[in-house]
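Student: I have a structure I would like to understand better, so I am pasting it below and will then ask my questions one at a time.
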Amino acid sequence: MKTKKKTVLCVILALLIAADLIISEILFLFALGRPKKVHSDVMPDPVTTEEVQDTVSMNRKALHEKTDAWLESAERERVTIESEDGLLLVGEMFFTDRSSHLWVLAAHGYGYTGTRQAMYDYMLPYAERGYNVLTPDLRAHGESEGRYIGMGWLDRKDLTRWIDQILLEDPAAQIVLHGVSMGGAAVMMTAGEPLPGNVKAVVEDCGYSSVWDMFSDEAKYLFHIPAFPLLYTASFLSGLQAGYTFQEASSLDQIKKVKCPVFFIHGDRDNFVHTDMVMKLYEACPTEKDLFVAEGAGHGDAYYMDPDSYIRAVFSFLDRCGIE
């Protein structure tokens, strides 16, 4: 009888382990597999007011029109690099003024709609101020190769190569890194790496404190499950297949090592990348820094909530950093 009970327990345990591995693999691929369709339910319903949503929509439309007008006459060039692990990565350089040494490197957000084109609106005010622009497709997005999304962690190595590409074009470049959402995490993670002195400042907009923090929130929202055991197993599988675990991919750890000034931006009604994350990041940053919290704005809406205030805050900070 005891032997039979042990056998049954062993079978149950084996089934539980198998179920954990299968479900965790599904979660891992859902989160980090190259996006093939829009996951419209990834983000929670916004908690912003209808008035704010109308304002954001109106400003977004107006900015798109201004950006389209800029793009029609902009001098642009498709550029490619090879990542450390052999992927072809694709981007665009916009030459506003070939005699200018001001450059901005833009990093876009996550998922199916996350491509370099999503950063064009953000790059317009830089172009208007004489900055040349580099907008890459991050790995596993747009035209860039890659099977798994880097969530900023793998992208940090790619962005250092894009920085090198700018320096090949202009060895005297003064470079600003500007990222939104996953791109915000990417520029923070990049800033924690050894970088050339040409990188003068980082502007991060609604980036998360770590991939673990982000996916823990998502597990609760999307699947109504706790972190243990599935998220731990998914993180382990990510380490085996994508080359990084959720725990090690930490903007918070990287921001502690940054050497250049950092400007933090967040909406105070962001219920996707919660606003308390930016407070932790801001406190941990050891260099010159400032914080712009957009009142009433949801995730990724700070710019479109009030473009003039956003632009004024960004360039006031960059002016204080001596970028000119």
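Identifiers in the structure tokens: chain A, B, ... in order shown; residue index from 1 per chain; ligand index from 1 in order shown.
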Which residues come within 10 Å of Asp68 of chain A, counting only C-alpha atoms, excluding same-chain residues fewer than 5 positions away, as a PyMOL selection string?
Tutor: chain A and resi 63+73-74+120-121+124
Student: For the residues in that selection, give me N, CA and C atoms as a tab-separated table (two decimals), in the first residue's frame.
Tutor:
```tsv
chain	number	residue	atom	x	y	z
A	63	LEU	N	0.61	66.11	-33.77
A	63	LEU	CA	2.05	65.83	-33.86
A	63	LEU	C	2.36	64.92	-35.04
A	73	SER	N	10.64	66.00	-46.19
A	73	SER	CA	11.82	66.71	-46.69
A	73	SER	C	13.12	66.29	-45.98
A	74	ALA	N	13.01	65.40	-45.00
A	74	ALA	CA	14.19	65.03	-44.21
A	74	ALA	C	15.19	64.21	-45.04
A	120	TYR	N	9.35	58.65	-34.18
A	120	TYR	CA	9.48	59.81	-35.05
A	120	TYR	C	8.93	61.08	-34.40
A	121	ASP	N	7.73	60.98	-33.78
A	121	ASP	CA	7.16	62.17	-33.13
A	121	ASP	C	8.09	62.72	-32.06
A	124	LEU	N	11.08	64.71	-33.56
A	124	LEU	CA	10.82	65.97	-34.25
A	124	LEU	C	11.40	67.18	-33.52
```
Student: Need the shell around Tyr282 of chain A: protein/DNA/RNA residues with any atom at most 9 Å away, counting only C-alpha atoms. Skip same-chain ones fewer than 3 positions apart. Format as a list in words?
Tutor: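 The residues that qualify are Ile255, Val262, Phe263, Phe264, Met277, Val278, Met279, Cys285, Pro286, Lys289, Asp290 and Leu291 of chain A.
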Student: Just C-alpha atoms for this one: save the residues we selected as an mmCIF file, in the first residue's frame.
Tutor:
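Written output follows (again-v3.cif):
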```
data_model
loop_
_atom_site.group_PDB
_atom_site.id
_atom_site.type_symbol
_atom_site.label_atom_id
_atom_site.label_comp_id
_atom_site.auth_asym_id
_atom_site.auth_seq_id
_atom_site.Cartn_x
_atom_site.Cartn_y
_atom_site.Cartn_z
ATOM 1 C CA ILE A 255 21.031 53.048 -13.095
ATOM 2 C CA VAL A 262 19.516 61.252 -16.474
ATOM 3 C CA PHE A 263 16.103 62.850 -16.997
ATOM 4 C CA PHE A 264 13.187 60.721 -15.771
ATOM 5 C CA MET A 277 8.923 52.472 -10.328
ATOM 6 C CA VAL A 278 10.254 55.847 -11.515
ATOM 7 C CA MET A 279 10.551 57.038 -7.930
ATOM 8 C CA CYS A 285 20.522 57.479 -9.796
ATOM 9 C CA PRO A 286 23.891 58.805 -8.527
ATOM 10 C CA LYS A 289 19.126 64.107 -12.532
ATOM 11 C CA ASP A 290 15.645 65.531 -12.702
ATOM 12 C CA LEU A 291 12.100 64.168 -12.713
#
```
Student: As an mmCIF file with N, CA and C atoms, in the first residue's frame, please: all residues of segment 28-216 of chain A that backbone DSSP puts in alpha helix (DSSP H).
Tutor:
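The resulting result-v2.cif:
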```cif
data_model
loop_
_atom_site.group_PDB
_atom_site.id
_atom_site.type_symbol
_atom_site.label_atom_id
_atom_site.label_comp_id
_atom_site.auth_asym_id
_atom_site.auth_seq_id
_atom_site.Cartn_x
_atom_site.Cartn_y
_atom_site.Cartn_z
ATOM 1 N N PHE A 28 6.556 32.298 -21.490
ATOM 2 C CA PHE A 28 7.816 32.844 -21.992
ATOM 3 C C PHE A 28 7.683 33.264 -23.451
ATOM 4 N N LEU A 29 7.104 32.389 -24.279
ATOM 5 C CA LEU A 29 6.965 32.714 -25.697
ATOM 6 C C LEU A 29 5.969 33.848 -25.921
ATOM 7 N N PHE A 30 4.931 33.893 -25.112
ATOM 8 C CA PHE A 30 3.963 34.984 -25.215
ATOM 9 C C PHE A 30 4.622 36.327 -24.918
ATOM 10 N N ALA A 31 5.481 36.336 -23.912
ATOM 11 C CA ALA A 31 6.106 37.580 -23.479
ATOM 12 C C ALA A 31 7.290 37.971 -24.345
ATOM 13 N N LEU A 32 8.104 36.998 -24.754
ATOM 14 C CA LEU A 32 9.385 37.331 -25.384
ATOM 15 C C LEU A 32 9.541 36.838 -26.813
ATOM 16 N N GLU A 50 -11.671 60.673 -19.440
ATOM 17 C CA GLU A 50 -12.028 60.821 -20.849
ATOM 18 C C GLU A 50 -11.467 62.126 -21.413
ATOM 19 N N GLU A 51 -11.441 63.156 -20.594
ATOM 20 C CA GLU A 51 -10.892 64.434 -21.037
ATOM 21 C C GLU A 51 -9.413 64.297 -21.393
ATOM 22 N N VAL A 52 -8.666 63.575 -20.551
ATOM 23 C CA VAL A 52 -7.248 63.348 -20.823
ATOM 24 C C VAL A 52 -7.079 62.518 -22.095
ATOM 25 N N GLN A 53 -7.865 61.472 -22.246
ATOM 26 C CA GLN A 53 -7.765 60.628 -23.438
ATOM 27 C C GLN A 53 -8.068 61.413 -24.708
ATOM 28 N N ASP A 54 -9.049 62.312 -24.636
ATOM 29 C CA ASP A 54 -9.365 63.156 -25.793
ATOM 30 C C ASP A 54 -8.214 64.105 -26.108
ATOM 31 N N THR A 55 -7.608 64.670 -25.056
ATOM 32 C CA THR A 55 -6.469 65.578 -25.246
ATOM 33 C C THR A 55 -5.296 64.843 -25.873
ATOM 34 N N VAL A 56 -5.009 63.657 -25.370
ATOM 35 C CA VAL A 56 -3.908 62.844 -25.902
ATOM 36 C C VAL A 56 -4.150 62.518 -27.371
ATOM 37 N N SER A 57 -5.360 62.113 -27.716
ATOM 38 C CA SER A 57 -5.685 61.775 -29.104
ATOM 39 C C SER A 57 -5.541 62.975 -30.028
ATOM 40 N N MET A 58 -6.026 64.127 -29.567
ATOM 41 C CA MET A 58 -5.947 65.343 -30.369
ATOM 42 C C MET A 58 -4.492 65.757 -30.602
ATOM 43 N N ASN A 59 -3.698 65.741 -29.540
ATOM 44 C CA ASN A 59 -2.289 66.134 -29.665
ATOM 45 C C ASN A 59 -1.492 65.127 -30.490
ATOM 46 N N ARG A 60 -1.834 63.853 -30.345
ATOM 47 C CA ARG A 60 -1.146 62.818 -31.128
ATOM 48 C C ARG A 60 -1.386 63.055 -32.626
ATOM 49 N N LYS A 61 -2.625 63.335 -32.977
ATOM 50 C CA LYS A 61 -2.948 63.583 -34.387
ATOM 51 C C LYS A 61 -2.197 64.803 -34.912
ATOM 52 N N ALA A 62 -2.170 65.871 -34.121
ATOM 53 C CA ALA A 62 -1.480 67.093 -34.548
ATOM 54 C C ALA A 62 0.022 66.857 -34.710
ATOM 55 N N LEU A 63 0.610 66.108 -33.772
ATOM 56 C CA LEU A 63 2.047 65.826 -33.858
ATOM 57 C C LEU A 63 2.360 64.919 -35.045
ATOM 58 N N HIS A 64 1.502 63.947 -35.314
ATOM 59 C CA HIS A 64 1.709 63.086 -36.485
ATOM 60 C C HIS A 64 1.765 63.932 -37.753
ATOM 61 N N GLU A 65 0.890 64.909 -37.863
ATOM 62 C CA GLU A 65 0.859 65.758 -39.059
ATOM 63 C C GLU A 65 2.150 66.563 -39.181
ATOM 64 N N LYS A 66 2.621 67.133 -38.072
ATOM 65 C CA LYS A 66 3.880 67.884 -38.099
ATOM 66 C C LYS A 66 5.054 66.976 -38.444
ATOM 67 N N THR A 67 5.039 65.778 -37.873
ATOM 68 C CA THR A 67 6.124 64.829 -38.129
ATOM 69 C C THR A 67 6.131 64.400 -39.584
ATOM 70 N N ASP A 68 4.952 64.128 -40.140
ATOM 71 C CA ASP A 68 4.867 63.732 -41.548
ATOM 72 C C ASP A 68 5.437 64.818 -42.454
ATOM 73 N N ALA A 69 5.165 66.064 -42.119
ATOM 74 C CA ALA A 69 5.700 67.179 -42.916
ATOM 75 C C ALA A 69 7.227 67.208 -42.847
ATOM 76 N N TRP A 70 7.784 66.950 -41.655
ATOM 77 C CA TRP A 70 9.248 66.893 -41.499
ATOM 78 C C TRP A 70 9.826 65.746 -42.320
ATOM 79 N N LEU A 71 9.185 64.582 -42.245
ATOM 80 C CA LEU A 71 9.705 63.391 -42.916
ATOM 81 C C LEU A 71 9.736 63.552 -44.431
ATOM 82 N N GLU A 72 8.803 64.324 -44.966
ATOM 83 C CA GLU A 72 8.736 64.506 -46.418
ATOM 84 C C GLU A 72 10.010 65.133 -46.968
ATOM 85 N N SER A 73 10.635 66.002 -46.193
ATOM 86 C CA SER A 73 11.824 66.706 -46.693
ATOM 87 C C SER A 73 13.119 66.286 -45.984
ATOM 88 N N TYR A 120 9.346 58.646 -34.181
ATOM 89 C CA TYR A 120 9.484 59.815 -35.048
ATOM 90 C C TYR A 120 8.928 61.081 -34.398
ATOM 91 N N ASP A 121 7.733 60.979 -33.778
ATOM 92 C CA ASP A 121 7.159 62.167 -33.131
ATOM 93 C C ASP A 121 8.089 62.720 -32.060
ATOM 94 N N TYR A 122 8.710 61.808 -31.305
ATOM 95 C CA TYR A 122 9.611 62.228 -30.222
ATOM 96 C C TYR A 122 10.875 62.869 -30.771
ATOM 97 N N MET A 123 11.271 62.492 -31.975
ATOM 98 C CA MET A 123 12.503 63.005 -32.565
ATOM 99 C C MET A 123 12.317 64.357 -33.246
ATOM 100 N N LEU A 124 11.078 64.709 -33.562
ATOM 101 C CA LEU A 124 10.815 65.974 -34.252
ATOM 102 C C LEU A 124 11.400 67.182 -33.520
ATOM 103 N N PRO A 125 11.149 67.368 -32.205
ATOM 104 C CA PRO A 125 11.719 68.549 -31.533
ATOM 105 C C PRO A 125 13.241 68.539 -31.490
ATOM 106 N N TYR A 126 13.848 67.349 -31.499
ATOM 107 C CA TYR A 126 15.313 67.287 -31.581
ATOM 108 C C TYR A 126 15.768 67.800 -32.951
ATOM 109 N N ALA A 127 15.102 67.325 -34.011
ATOM 110 C CA ALA A 127 15.469 67.759 -35.360
ATOM 111 C C ALA A 127 15.293 69.264 -35.510
ATOM 112 N N GLU A 128 14.252 69.811 -34.898
ATOM 113 C CA GLU A 128 14.007 71.250 -34.982
ATOM 114 C C GLU A 128 15.099 72.057 -34.288
ATOM 115 N N TRP A 153 17.461 44.504 -21.989
ATOM 116 C CA TRP A 153 18.686 43.883 -21.479
ATOM 117 C C TRP A 153 19.618 43.464 -22.609
ATOM 118 N N LEU A 154 19.092 42.719 -23.581
ATOM 119 C CA LEU A 154 19.913 42.392 -24.745
ATOM 120 C C LEU A 154 20.147 43.646 -25.593
ATOM 121 N N ASP A 155 19.176 44.538 -25.581
ATOM 122 C CA ASP A 155 19.272 45.760 -26.387
ATOM 123 C C ASP A 155 20.375 46.695 -25.911
ATOM 124 N N ARG A 156 20.759 46.583 -24.643
ATOM 125 C CA ARG A 156 21.793 47.487 -24.134
ATOM 126 C C ARG A 156 23.092 47.270 -24.892
ATOM 127 N N LYS A 157 23.399 46.027 -25.220
ATOM 128 C CA LYS A 157 24.607 45.733 -25.993
ATOM 129 C C LYS A 157 24.457 46.218 -27.432
ATOM 130 N N ASP A 158 23.233 46.066 -27.979
ATOM 131 C CA ASP A 158 22.981 46.550 -29.339
ATOM 132 C C ASP A 158 23.101 48.068 -29.421
ATOM 133 N N LEU A 159 22.576 48.761 -28.410
ATOM 134 C CA LEU A 159 22.628 50.227 -28.433
ATOM 135 C C LEU A 159 24.063 50.740 -28.328
ATOM 136 N N THR A 160 24.929 50.014 -27.623
ATOM 137 C CA THR A 160 26.332 50.445 -27.594
ATOM 138 C C THR A 160 26.944 50.359 -28.988
ATOM 139 N N ARG A 161 26.501 49.389 -29.781
ATOM 140 C CA ARG A 161 26.992 49.293 -31.161
ATOM 141 C C ARG A 161 26.404 50.393 -32.038
ATOM 142 N N TRP A 162 25.160 50.781 -31.756
ATOM 143 C CA TRP A 162 24.591 51.918 -32.488
ATOM 144 C C TRP A 162 25.319 53.207 -32.122
ATOM 145 N N ILE A 163 25.736 53.327 -30.863
ATOM 146 C CA ILE A 163 26.546 54.489 -30.470
ATOM 147 C C ILE A 163 27.845 54.507 -31.274
ATOM 148 N N ASP A 164 28.464 53.348 -31.401
ATOM 149 C CA ASP A 164 29.690 53.259 -32.211
ATOM 150 C C ASP A 164 29.425 53.676 -33.657
ATOM 151 N N GLN A 165 28.245 53.334 -34.176
ATOM 152 C CA GLN A 165 27.898 53.704 -35.545
ATOM 153 C C GLN A 165 27.811 55.221 -35.695
ATOM 154 N N ILE A 166 27.241 55.884 -34.698
ATOM 155 C CA ILE A 166 27.194 57.351 -34.721
ATOM 156 C C ILE A 166 28.609 57.916 -34.721
ATOM 157 N N LEU A 167 29.494 57.329 -33.901
ATOM 158 C CA LEU A 167 30.852 57.842 -33.798
ATOM 159 C C LEU A 167 31.658 57.594 -35.068
ATOM 160 N N LEU A 168 31.307 56.563 -35.819
ATOM 161 C CA LEU A 168 31.929 56.378 -37.132
ATOM 162 C C LEU A 168 31.535 57.511 -38.072
ATOM 163 N N GLU A 169 30.292 57.950 -37.956
ATOM 164 C CA GLU A 169 29.793 59.049 -38.785
ATOM 165 C C GLU A 169 30.337 60.384 -38.305
ATOM 166 N N MET A 182 9.636 50.233 -23.003
ATOM 167 C CA MET A 182 10.760 49.305 -23.061
ATOM 168 C C MET A 182 12.026 50.029 -23.500
ATOM 169 N N GLY A 183 11.864 51.006 -24.395
ATOM 170 C CA GLY A 183 13.013 51.812 -24.812
ATOM 171 C C GLY A 183 13.589 52.633 -23.679
ATOM 172 N N GLY A 184 12.712 53.083 -22.751
ATOM 173 C CA GLY A 184 13.200 53.782 -21.567
ATOM 174 C C GLY A 184 14.053 52.875 -20.707
ATOM 175 N N ALA A 185 13.588 51.628 -20.530
ATOM 176 C CA ALA A 185 14.403 50.647 -19.797
ATOM 177 C C ALA A 185 15.704 50.375 -20.543
ATOM 178 N N ALA A 186 15.631 50.294 -21.870
ATOM 179 C CA ALA A 186 16.817 49.993 -22.674
ATOM 180 C C ALA A 186 17.894 51.060 -22.522
ATOM 181 N N VAL A 187 17.502 52.349 -22.541
ATOM 182 C CA VAL A 187 18.523 53.396 -22.429
ATOM 183 C C VAL A 187 19.091 53.456 -21.010
ATOM 184 N N MET A 188 18.280 53.136 -20.006
ATOM 185 C CA MET A 188 18.823 53.069 -18.643
ATOM 186 C C MET A 188 19.802 51.918 -18.508
ATOM 187 N N MET A 189 19.435 50.760 -19.054
ATOM 188 C CA MET A 189 20.325 49.600 -18.982
ATOM 189 C C MET A 189 21.613 49.859 -19.748
ATOM 190 N N THR A 190 21.493 50.548 -20.882
ATOM 191 C CA THR A 190 22.677 50.911 -21.662
ATOM 192 C C THR A 190 23.576 51.860 -20.884
ATOM 193 N N ALA A 191 22.965 52.813 -20.205
ATOM 194 C CA ALA A 191 23.733 53.827 -19.468
ATOM 195 C C ALA A 191 24.546 53.227 -18.332
ATOM 196 N N VAL A 211 12.664 43.728 -15.500
ATOM 197 C CA VAL A 211 11.769 42.831 -16.230
ATOM 198 C C VAL A 211 10.974 41.975 -15.248
ATOM 199 N N TRP A 212 11.594 41.584 -14.154
ATOM 200 C CA TRP A 212 10.874 40.805 -13.149
ATOM 201 C C TRP A 212 9.693 41.587 -12.584
ATOM 202 N N ASP A 213 9.926 42.850 -12.230
ATOM 203 C CA ASP A 213 8.843 43.679 -11.706
ATOM 204 C C ASP A 213 7.720 43.823 -12.735
ATOM 205 N N MET A 214 8.113 44.024 -13.994
ATOM 206 C CA MET A 214 7.132 44.221 -15.063
ATOM 207 C C MET A 214 6.294 42.972 -15.276
ATOM 208 N N PHE A 215 6.952 41.824 -15.383
ATOM 209 C CA PHE A 215 6.228 40.589 -15.667
ATOM 210 C C PHE A 215 5.446 40.084 -14.452
ATOM 211 N N SER A 216 5.904 40.406 -13.261
ATOM 212 C CA SER A 216 5.131 40.056 -12.064
ATOM 213 C C SER A 216 3.773 40.751 -12.089
#
```
Student: Residues of segment 123-242 of chain A in strand (DSSP E) according to DSSP, as a list in words?
Tutor: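 Strand (DSSP E) members of segment 123-242 of chain A, listed: Asn132, Val133, Leu134, Thr135, Pro136, Gln174, Ile175, Val176, Leu177, His178, Gly179, Val180, Val199, Lys200, Ala201, Val202, Val203, Glu204 and Asp205 of chain A.
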Student: Identify, on the basis of only C-alpha atoms, every residue whose closest approach to segment 97-109 of chain A does not exceed 7 Å; exclude the query and any residue fewer than 6 positions from it along the same chain; express the result as a VMD selection string.
Tutor: chain A and resid 115 to 116 118 to 119 130 to 136 170 172 to 183
Student: How would the residues just picked look written out with C-alpha atoms as an mmCIF file, in the first residue's frame?
Tutor:
```cif
data_model
loop_
_atom_site.group_PDB
_atom_site.id
_atom_site.type_symbol
_atom_site.label_atom_id
_atom_site.label_comp_id
_atom_site.auth_asym_id
_atom_site.auth_seq_id
_atom_site.Cartn_x
_atom_site.Cartn_y
_atom_site.Cartn_z
ATOM 1 C CA THR A 115 9.243 49.954 -34.290
ATOM 2 C CA ARG A 116 11.538 52.867 -35.012
ATOM 3 C CA ALA A 118 7.002 55.008 -33.163
ATOM 4 C CA MET A 119 9.817 57.384 -32.148
ATOM 5 C CA GLY A 130 19.625 70.853 -35.047
ATOM 6 C CA TYR A 131 20.107 67.322 -33.734
ATOM 7 C CA ASN A 132 20.892 64.519 -36.143
ATOM 8 C CA VAL A 133 18.830 61.439 -35.344
ATOM 9 C CA LEU A 134 19.350 57.669 -35.266
ATOM 10 C CA THR A 135 16.246 55.517 -34.851
ATOM 11 C CA PRO A 136 16.910 51.752 -34.841
ATOM 12 C CA ASP A 170 30.830 61.827 -36.388
ATOM 13 C CA ALA A 172 32.910 64.500 -32.174
ATOM 14 C CA ALA A 173 29.244 63.612 -31.622
ATOM 15 C CA GLN A 174 27.455 64.678 -28.438
ATOM 16 C CA ILE A 175 24.862 61.940 -27.969
ATOM 17 C CA VAL A 176 21.585 61.884 -26.060
ATOM 18 C CA LEU A 177 19.836 58.544 -25.492
ATOM 19 C CA HIS A 178 16.029 58.894 -25.481
ATOM 20 C CA GLY A 179 13.776 55.890 -24.895
ATOM 21 C CA VAL A 180 10.080 55.290 -24.200
ATOM 22 C CA SER A 181 8.587 52.350 -22.229
ATOM 23 C CA MET A 182 10.760 49.305 -23.061
ATOM 24 C CA GLY A 183 13.013 51.812 -24.812
#
```
Student: Tell me, in Å to one decimal, how far atom CA of Asp268 of chain A is from atom CA of Pro44 of chain A.
Tutor: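 A separation of 15.3 Å between them.
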Student: Just checking: using only C-alpha atoms, which residue out of A:Ile12, A:Tyr110, A:His141, A:Thr49 ends up closest to Glu295 of chain A?
Tutor: A:Thr49
